[in-house]
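Next comes work_11.tsv, with TSV, C-alpha atoms.
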```tsv
chain	number	residue	atom	x	y	z
A	1	MET	CA	0.00	0.00	0.00
A	2	ASN	CA	1.20	3.50	-0.82
A	3	THR	CA	1.36	5.38	2.49
A	4	LEU	CA	2.69	8.65	1.04
A	5	MET	CA	0.63	11.76	1.63
A	6	PRO	CA	-1.02	13.00	-1.57
A	7	LYS	CA	-0.23	16.29	-3.21
A	8	SER	CA	-3.11	18.71	-2.71
A	9	ASP	CA	-3.55	21.18	-5.55
A	10	PHE	CA	-6.01	23.20	-7.64
A	11	VAL	CA	-6.78	23.62	-11.33
A	12	ASN	CA	-8.62	26.44	-13.07
A	13	VAL	CA	-11.22	24.92	-15.37
A	14	ASN	CA	-14.52	26.08	-16.83
A	15	GLU	CA	-14.04	29.51	-15.17
A	16	ILE	CA	-13.81	28.02	-11.66
A	17	LYS	CA	-11.16	26.49	-9.38
A	18	LEU	CA	-11.36	22.78	-8.55
A	19	HIS	CA	-9.44	20.97	-5.84
A	20	TYR	CA	-7.80	17.58	-6.36
A	21	LEU	CA	-5.46	15.11	-4.69
A	22	ASP	CA	-2.59	13.35	-6.45
A	23	TRP	CA	-1.01	10.20	-4.98
A	24	GLY	CA	1.37	9.84	-7.90
A	25	GLY	CA	2.14	6.40	-9.28
A	26	GLU	CA	2.95	5.08	-12.74
A	27	GLY	CA	0.79	3.58	-15.47
A	28	GLN	CA	-2.76	4.37	-16.54
A	29	THR	CA	-4.49	7.27	-14.78
A	30	LEU	CA	-7.21	6.34	-12.27
A	31	ILE	CA	-9.48	9.23	-11.24
A	32	PHE	CA	-11.84	8.92	-8.27
A	33	LEU	CA	-15.03	11.02	-8.27
A	34	THR	CA	-16.99	11.71	-5.09
A	35	GLY	CA	-20.58	11.38	-3.96
A	36	MET	CA	-22.71	14.41	-3.11
A	37	GLY	CA	-21.27	16.51	-0.30
A	38	CYS	CA	-17.91	14.73	-0.17
A	39	SER	CA	-14.43	15.87	-1.12
A	40	ALA	CA	-11.44	14.05	-2.60
A	41	TYR	CA	-10.30	13.34	0.97
A	42	ILE	CA	-13.01	10.69	1.34
A	43	PHE	CA	-10.72	8.41	-0.69
A	44	GLY	CA	-7.75	9.10	1.58
A	45	LYS	CA	-7.29	5.47	2.65
A	46	PHE	CA	-8.68	3.62	-0.37
A	47	ALA	CA	-7.22	5.46	-3.37
A	48	PRO	CA	-3.50	5.17	-2.51
A	49	ARG	CA	-3.78	1.37	-2.52
A	50	PHE	CA	-3.75	1.57	-6.32
A	51	ALA	CA	-0.71	3.83	-6.66
A	52	ASP	CA	1.67	0.88	-7.08
A	53	LYS	CA	0.23	0.19	-10.54
A	54	PHE	CA	-1.65	3.37	-11.55
A	55	ARG	CA	-1.36	7.13	-11.41
A	56	VAL	CA	-4.06	7.94	-8.85
A	57	LEU	CA	-6.05	11.17	-8.60
A	58	ALA	CA	-9.24	12.24	-6.84
A	59	LEU	CA	-11.31	15.27	-7.86
A	60	THR	CA	-13.62	17.41	-5.73
A	61	ARG	CA	-16.52	18.63	-7.87
A	62	ARG	CA	-17.74	22.21	-7.84
A	63	GLY	CA	-19.82	23.16	-4.81
A	64	GLN	CA	-18.03	20.75	-2.46
A	65	GLY	CA	-14.97	20.61	-0.22
A	66	ASP	CA	-12.18	23.01	-1.16
A	67	SER	CA	-13.42	23.61	-4.72
A	68	ASP	CA	-15.23	26.79	-5.76
A	69	TYR	CA	-18.95	27.29	-5.09
A	70	PRO	CA	-20.41	28.98	-8.19
A	71	GLU	CA	-24.13	29.71	-8.31
A	72	THR	CA	-24.66	27.60	-11.43
A	73	GLY	CA	-23.26	24.60	-13.26
A	74	TYR	CA	-24.71	21.69	-11.28
A	75	ASP	CA	-26.02	19.81	-14.29
A	76	ALA	CA	-24.59	16.72	-15.98
A	77	ASP	CA	-23.24	18.58	-19.04
A	78	THR	CA	-21.32	21.15	-17.02
A	79	LEU	CA	-19.98	18.67	-14.46
A	80	THR	CA	-18.83	16.40	-17.28
A	81	GLU	CA	-17.07	19.33	-18.92
A	82	ASP	CA	-15.37	20.09	-15.58
A	83	ILE	CA	-13.91	16.57	-15.60
A	84	ARG	CA	-12.79	16.83	-19.22
A	85	GLN	CA	-11.03	20.13	-18.62
A	86	PHE	CA	-9.49	18.76	-15.43
A	87	MET	CA	-8.00	15.89	-17.46
A	88	ASP	CA	-6.77	18.32	-20.10
A	89	SER	CA	-5.09	20.54	-17.52
A	90	LEU	CA	-3.15	17.55	-16.16
A	91	HIS	CA	-2.40	16.27	-19.67
A	92	VAL	CA	-4.40	13.08	-19.14
A	93	GLU	CA	-5.51	11.83	-22.53
A	94	LYS	CA	-7.44	8.79	-21.31
A	95	ALA	CA	-8.41	7.65	-17.80
A	96	ILE	CA	-10.14	5.04	-15.71
A	97	LEU	CA	-13.00	6.74	-13.85
A	98	ALA	CA	-14.19	5.39	-10.48
A	99	GLY	CA	-17.17	7.19	-8.94
A	100	HIS	CA	-19.16	6.90	-5.73
A	101	SER	CA	-22.89	7.52	-5.31
A	102	LEU	CA	-23.94	10.65	-7.23
A	103	ALA	CA	-20.88	10.29	-9.47
A	104	GLY	CA	-22.69	7.46	-11.27
A	105	VAL	CA	-24.39	10.16	-13.34
A	106	GLU	CA	-21.03	11.69	-14.25
A	107	LEU	CA	-19.55	8.31	-15.19
A	108	THR	CA	-22.30	7.43	-17.65
A	109	HIS	CA	-22.60	10.97	-19.00
A	110	PHE	CA	-18.86	11.29	-19.50
A	111	ALA	CA	-18.68	7.91	-21.25
A	112	ALA	CA	-21.51	8.95	-23.57
A	113	THR	CA	-20.02	12.36	-24.29
A	114	HIS	CA	-16.30	11.53	-24.44
A	115	PRO	CA	-15.97	7.77	-25.00
A	116	ASP	CA	-12.49	8.20	-26.47
A	117	ARG	CA	-11.26	9.62	-23.12
A	118	VAL	CA	-12.34	6.60	-21.00
A	119	GLU	CA	-10.42	3.35	-20.43
A	120	LYS	CA	-12.75	1.72	-17.90
A	121	LEU	CA	-15.54	2.69	-15.48
A	122	VAL	CA	-16.05	1.65	-11.84
A	123	TYR	CA	-19.39	2.41	-10.15
A	124	LEU	CA	-19.10	2.38	-6.34
A	125	ASP	CA	-22.75	2.04	-5.29
A	126	ALA	CA	-23.28	4.77	-7.86
A	127	LEU	CA	-26.65	4.77	-9.60
A	128	ASP	CA	-26.93	6.68	-12.86
A	129	ASP	CA	-30.75	6.43	-12.95
A	130	ARG	CA	-32.75	6.99	-9.76
A	131	ARG	CA	-36.17	7.63	-11.26
A	132	SER	CA	-37.64	4.28	-10.15
A	133	LEU	CA	-36.42	4.78	-6.59
A	134	GLN	CA	-37.77	8.33	-6.55
A	135	ALA	CA	-41.17	6.99	-7.67
A	136	ILE	CA	-41.54	4.83	-4.53
A	137	GLN	CA	-40.60	7.55	-2.05
A	138	GLU	CA	-44.28	8.10	-1.28
A	139	GLN	CA	-44.52	4.53	0.00
A	140	SER	CA	-41.94	5.10	2.73
A	141	PRO	CA	-43.56	4.88	6.18
A	142	LEU	CA	-41.32	7.75	7.30
A	143	LYS	CA	-42.22	10.24	4.56
A	144	ASP	CA	-44.55	12.29	6.77
A	145	ILE	CA	-42.61	11.90	10.00
A	146	GLU	CA	-40.46	14.88	10.89
A	147	ILE	CA	-37.74	14.44	13.48
A	148	LYS	CA	-37.21	17.63	15.43
A	149	LYS	CA	-33.55	18.61	15.44
A	150	GLU	CA	-31.97	20.48	18.29
A	151	GLU	CA	-30.45	23.68	16.95
A	152	THR	CA	-26.76	23.79	17.81
A	153	PHE	CA	-24.02	26.35	17.36
A	154	PRO	CA	-20.71	24.46	17.30
A	155	ARG	CA	-17.83	26.79	18.02
A	156	THR	CA	-15.14	24.14	17.89
A	157	PHE	CA	-14.32	21.58	15.24
A	158	GLU	CA	-14.93	18.83	17.80
A	159	GLU	CA	-18.46	20.12	18.40
A	160	TYR	CA	-19.04	20.24	14.64
A	161	ILE	CA	-17.96	16.59	14.31
A	162	ALA	CA	-20.32	15.63	17.13
A	163	ASP	CA	-23.16	17.24	15.17
A	164	VAL	CA	-22.17	15.40	11.98
A	165	LYS	CA	-22.28	12.08	13.83
A	166	LYS	CA	-25.75	12.85	15.22
A	167	GLU	CA	-27.07	13.91	11.82
A	168	TYR	CA	-25.61	10.97	9.91
A	169	PRO	CA	-25.55	7.80	12.06
A	170	TYR	CA	-24.57	5.63	9.07
A	171	VAL	CA	-21.39	7.75	8.96
A	172	ALA	CA	-20.91	7.72	12.73
A	173	GLU	CA	-20.91	3.91	12.76
A	174	ILE	CA	-17.95	3.82	10.34
A	175	TRP	CA	-16.11	6.82	11.77
A	176	SER	CA	-12.34	6.96	11.25
A	177	ASP	CA	-9.49	9.40	10.72
A	178	VAL	CA	-10.60	9.63	7.08
A	179	TRP	CA	-13.90	11.13	8.21
A	180	VAL	CA	-12.12	13.62	10.49
A	181	GLU	CA	-10.07	14.86	7.54
A	182	GLU	CA	-13.12	14.80	5.26
A	183	SER	CA	-15.16	16.85	7.76
A	184	PHE	CA	-12.35	19.39	8.10
A	185	HIS	CA	-12.57	20.19	4.38
A	186	ASN	CA	-16.38	20.35	4.37
A	187	ALA	CA	-16.70	22.87	7.22
A	188	LYS	CA	-16.17	26.59	7.54
A	189	ILE	CA	-16.57	29.22	10.25
A	190	ASN	CA	-19.29	31.77	9.53
A	191	GLU	CA	-19.39	35.41	10.55
A	192	ALA	CA	-20.88	34.47	13.93
A	193	GLY	CA	-17.92	32.20	14.70
A	194	VAL	CA	-19.98	29.02	14.24
A	195	PHE	CA	-18.86	25.94	12.31
A	196	VAL	CA	-21.25	25.26	9.41
A	197	ASP	CA	-21.25	23.16	6.24
A	198	LYS	CA	-19.50	24.76	3.29
A	199	MET	CA	-22.05	23.45	0.81
A	200	PRO	CA	-25.15	25.68	0.80
A	201	ALA	CA	-28.60	24.11	0.75
A	202	SER	CA	-29.17	25.79	-2.63
A	203	VAL	CA	-26.28	23.85	-4.20
A	204	GLU	CA	-27.48	20.58	-2.69
A	205	LYS	CA	-30.97	21.25	-4.11
A	206	MET	CA	-29.63	21.98	-7.59
A	207	MET	CA	-27.65	18.74	-7.59
A	208	ALA	CA	-30.64	16.77	-6.38
A	209	ASP	CA	-32.98	18.34	-8.95
A	210	ASN	CA	-30.58	17.97	-11.88
A	211	LEU	CA	-28.85	14.68	-11.13
A	212	VAL	CA	-31.22	12.68	-8.94
A	213	LYS	CA	-34.85	13.54	-9.57
A	214	GLY	CA	-34.92	14.32	-13.25
A	215	TYR	CA	-31.84	12.85	-14.85
A	216	VAL	CA	-32.31	10.41	-17.76
A	217	PRO	CA	-29.07	8.55	-18.54
A	218	LYS	CA	-27.45	9.49	-21.79
A	219	GLY	CA	-26.93	6.60	-24.19
A	220	VAL	CA	-23.41	5.13	-24.29
A	221	LYS	CA	-22.58	3.67	-27.70
A	222	ALA	CA	-19.01	2.60	-26.96
A	223	LYS	CA	-18.45	-0.78	-25.27
A	224	ILE	CA	-16.41	0.46	-22.32
A	225	PRO	CA	-15.42	-2.12	-19.65
A	226	MET	CA	-17.48	-1.57	-16.47
A	227	LEU	CA	-17.33	-2.85	-12.91
A	228	VAL	CA	-20.42	-2.04	-10.85
A	229	PHE	CA	-20.92	-2.45	-7.10
A	230	TYR	CA	-24.39	-2.34	-5.53
A	231	ALA	CA	-24.79	-2.27	-1.72
A	232	LEU	CA	-28.14	-3.61	-0.46
A	233	GLY	CA	-27.71	-3.00	3.27
A	234	ILE	CA	-30.46	-1.18	5.19
A	235	PRO	CA	-29.19	2.29	6.22
A	236	THR	CA	-29.06	3.25	9.89
A	237	LEU	CA	-31.68	5.87	10.77
A	238	GLN	CA	-30.95	8.97	12.80
A	239	ASN	CA	-31.99	9.10	16.44
A	240	GLY	CA	-35.56	10.08	17.21
A	241	TYR	CA	-37.53	7.33	15.48
A	242	THR	CA	-39.46	4.81	17.58
A	243	ARG	CA	-38.77	1.08	17.47
A	244	GLU	CA	-42.02	0.59	15.57
A	245	GLN	CA	-41.06	3.20	12.99
A	246	ILE	CA	-37.60	1.66	12.53
A	247	ALA	CA	-39.12	-1.80	12.12
A	248	SER	CA	-41.66	-0.45	9.62
A	249	PHE	CA	-38.88	1.21	7.63
A	250	GLY	CA	-36.95	-2.07	7.59
A	251	GLN	CA	-39.97	-3.87	6.13
A	252	TYR	CA	-40.41	-1.14	3.52
A	253	PHE	CA	-36.74	-1.35	2.59
A	254	ARG	CA	-36.79	-5.14	2.20
A	255	ASN	CA	-40.23	-5.54	0.63
A	256	VAL	CA	-40.50	-2.41	-1.52
A	257	ARG	CA	-37.19	-0.60	-2.04
A	258	GLU	CA	-34.92	-3.60	-2.46
A	259	PRO	CA	-37.04	-5.22	-5.21
A	260	VAL	CA	-37.10	-1.89	-7.06
A	261	LEU	CA	-33.35	-1.55	-6.64
A	262	ARG	CA	-32.88	-5.05	-8.03
A	263	SER	CA	-34.95	-4.03	-11.04
A	264	VAL	CA	-32.68	-0.99	-11.45
A	265	ILE	CA	-29.69	-3.35	-11.40
A	266	SER	CA	-31.33	-5.53	-14.06
A	267	GLU	CA	-32.08	-2.48	-16.18
A	268	PHE	CA	-28.44	-1.38	-15.97
A	269	GLN	CA	-27.31	-4.88	-16.97
A	270	ASN	CA	-29.68	-4.76	-19.95
A	271	ARG	CA	-28.19	-1.45	-21.06
A	272	PHE	CA	-24.65	-2.74	-20.56
A	273	PRO	CA	-24.60	-6.54	-20.99
A	274	HIS	CA	-20.81	-6.55	-20.79
A	275	ALA	CA	-20.72	-4.90	-17.34
A	276	LYS	CA	-19.54	-6.97	-14.39
A	277	ILE	CA	-21.94	-6.43	-11.49
A	278	VAL	CA	-21.09	-7.22	-7.87
A	279	VAL	CA	-24.04	-7.14	-5.45
A	280	ILE	CA	-23.11	-6.80	-1.76
A	281	PRO	CA	-26.14	-8.16	0.20
A	282	ASP	CA	-25.35	-6.43	3.51
A	283	GLY	CA	-23.21	-3.73	1.97
A	284	HIS	CA	-22.77	-0.18	3.22
A	285	HIS	CA	-23.26	2.77	0.87
A	286	TYR	CA	-19.60	3.62	1.53
A	287	CYS	CA	-18.65	0.12	0.43
A	288	PHE	CA	-15.12	1.14	-0.52
A	289	MET	CA	-14.59	1.85	3.19
A	290	VAL	CA	-16.70	-0.77	4.97
A	291	GLN	CA	-16.28	-3.64	2.50
A	292	GLU	CA	-12.86	-2.33	1.50
A	293	GLU	CA	-11.09	-5.66	0.92
A	294	LEU	CA	-13.90	-7.00	-1.25
A	295	VAL	CA	-14.08	-3.83	-3.34
A	296	TYR	CA	-10.31	-3.48	-3.60
A	297	GLY	CA	-9.87	-7.10	-4.66
A	298	GLU	CA	-12.55	-6.92	-7.34
A	299	MET	CA	-11.19	-3.60	-8.61
A	300	GLN	CA	-7.64	-4.91	-8.79
A	301	LYS	CA	-8.71	-7.88	-10.89
A	302	PHE	CA	-10.85	-5.74	-13.16
A	303	LEU	CA	-8.29	-2.97	-13.67
A	304	LEU	CA	-5.45	-5.37	-14.45
A	305	GLU	CA	-7.42	-7.46	-16.96
```
Could you rewrite the structure in this file as structure tokens?
Amino acid sequence: MNTLMPKSDFVNVNEIKLHYLDWGGEGQTLIFLTGMGCSAYIFGKFAPRFADKFRVLALTRRGQGDSDYPETGYDADTLTEDIRQFMDSLHVEKAILAGHSLAGVELTHFAATHPDRVEKLVYLDALDDRRSLQAIQEQSPLKDIEIKKEETFPRTFEEYIADVKKEYPYVAEIWSDVWVEESFHNAKINEAGVFVDKMPASVEKMMADNLVKGYVPKGVKAKIPMLVFYALGIPTLQNGYTREQIASFGQYFRNVREPVLRSVISEFQNRFPHAKIVVIPDGHHYCFMVQEELVYGEMQKFLLE
């Protein structure tokens, strides 16, 4: 494993500044793309494992982490162009793209738009079409239940982390030094001296509207090798729900959401018959962290084929 600290740097692309990490390495270029709200630092432990055989980079998209926060540009076309210009600025002609969560949209869209710039694609629990899952949201037993949140004003980074853990229990249960570093680059101190998230709610809404709710995958004509991971584990709910509500959500997830997700997997396989799909029955959304050895092993085999 490469234990060297990555180089942290910025590029000016598409009239904005984007942050990236570079672990070095020789061979084909492997670029990691993040999920919504995360920065390149989320790959701090996983990405350098590949630097013995690849040049390894991780990019923080606009509106997240240490990258710029423009008021526009949170659509698939613009985000794809950000990636292309990022590759150009680093003189990367062709790359392997590995994306987590929301980055599934960018992977498919980039492959459809610039197939000649892609070697292989790796989807890390990264759906590129969420319309079916959005359609069943109304069936969730928790859709009309609002958990009252205690308003806090963290004035230290430690207090901010405590709030993050309360808000996102599925992150708290896998907490590590990677998450401490990740949180550091996602927080800022406002004018009142309070630690808050860097990403405004308006940016999160634009991403959700453009890439989650209404995005229709662009057709990919090129037969690009694909490795796709799907995690089927039930997410941990935040505190405040009753035992009955948690049990009801578990039934909904198993009996309603999981069958729909399996149909989404089948639909993806129909679109890309050549794709290798790995389903992780009790997998965590951050499978590259929780099921790290499984994901790393499958990726190594796939990338070296």
_Considering only C-alpha atoms, can you say which of A:Ala247, A:Leu30, A:Ala162, A:Ile136 comes closest to A:Met299?_
A:Leu30
Using all atoms listed in the file, which residues of stretch 29-54 of chain A come within 12 Å of stretch 66-78 of chain A, and what is the closest atom pair for each, with the distance in Å to one decimal? Give it as JSON lines, sorted by chain and residue number.
```
{"residue": "A:Met36", "atom": "CA", "partner": "A:Tyr74", "partner_atom": "CA", "distance": 11.1}
{"residue": "A:Gly37", "atom": "CA", "partner": "A:Asp66", "partner_atom": "CA", "distance": 11.2}
{"residue": "A:Cys38", "atom": "CA", "partner": "A:Asp66", "partner_atom": "CA", "distance": 10.1}
{"residue": "A:Ser39", "atom": "CA", "partner": "A:Asp66", "partner_atom": "CA", "distance": 7.5}
{"residue": "A:Ala40", "atom": "CA", "partner": "A:Asp66", "partner_atom": "CA", "distance": 9.1}
{"residue": "A:Tyr41", "atom": "CA", "partner": "A:Asp66", "partner_atom": "CA", "distance": 10.1}
```
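The two atoms in question, atom CA of A:Arg254 and atom CA of A:Pro273, are spaced 26.2 Å apart.
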*asked:* Is it possible to get the residues within 8 Å of (-2.9, 12.0, -7.1) (coordinates as in the file, counting only C-alpha atoms) written as a ChimeraX atom specification?
replied: /A:6-7,20-25,55-58
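Of the residues listed (A:Glu158, A:Glu244, A:Asp128, A:Asp9), A:Asp128 shows the shortest atom-to-atom separation from A:Phe268; distances use only C-alpha atoms.
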*Would you list the contacts of stretch 190-195 of chain A as JSON, numbers by chain, taking every protein, DNA or RNA residue within 6 Å and counting only C-alpha atoms, but skipping same-chain residues closer than 3 positions in sequence?*
{"A": [153, 154, 155]}
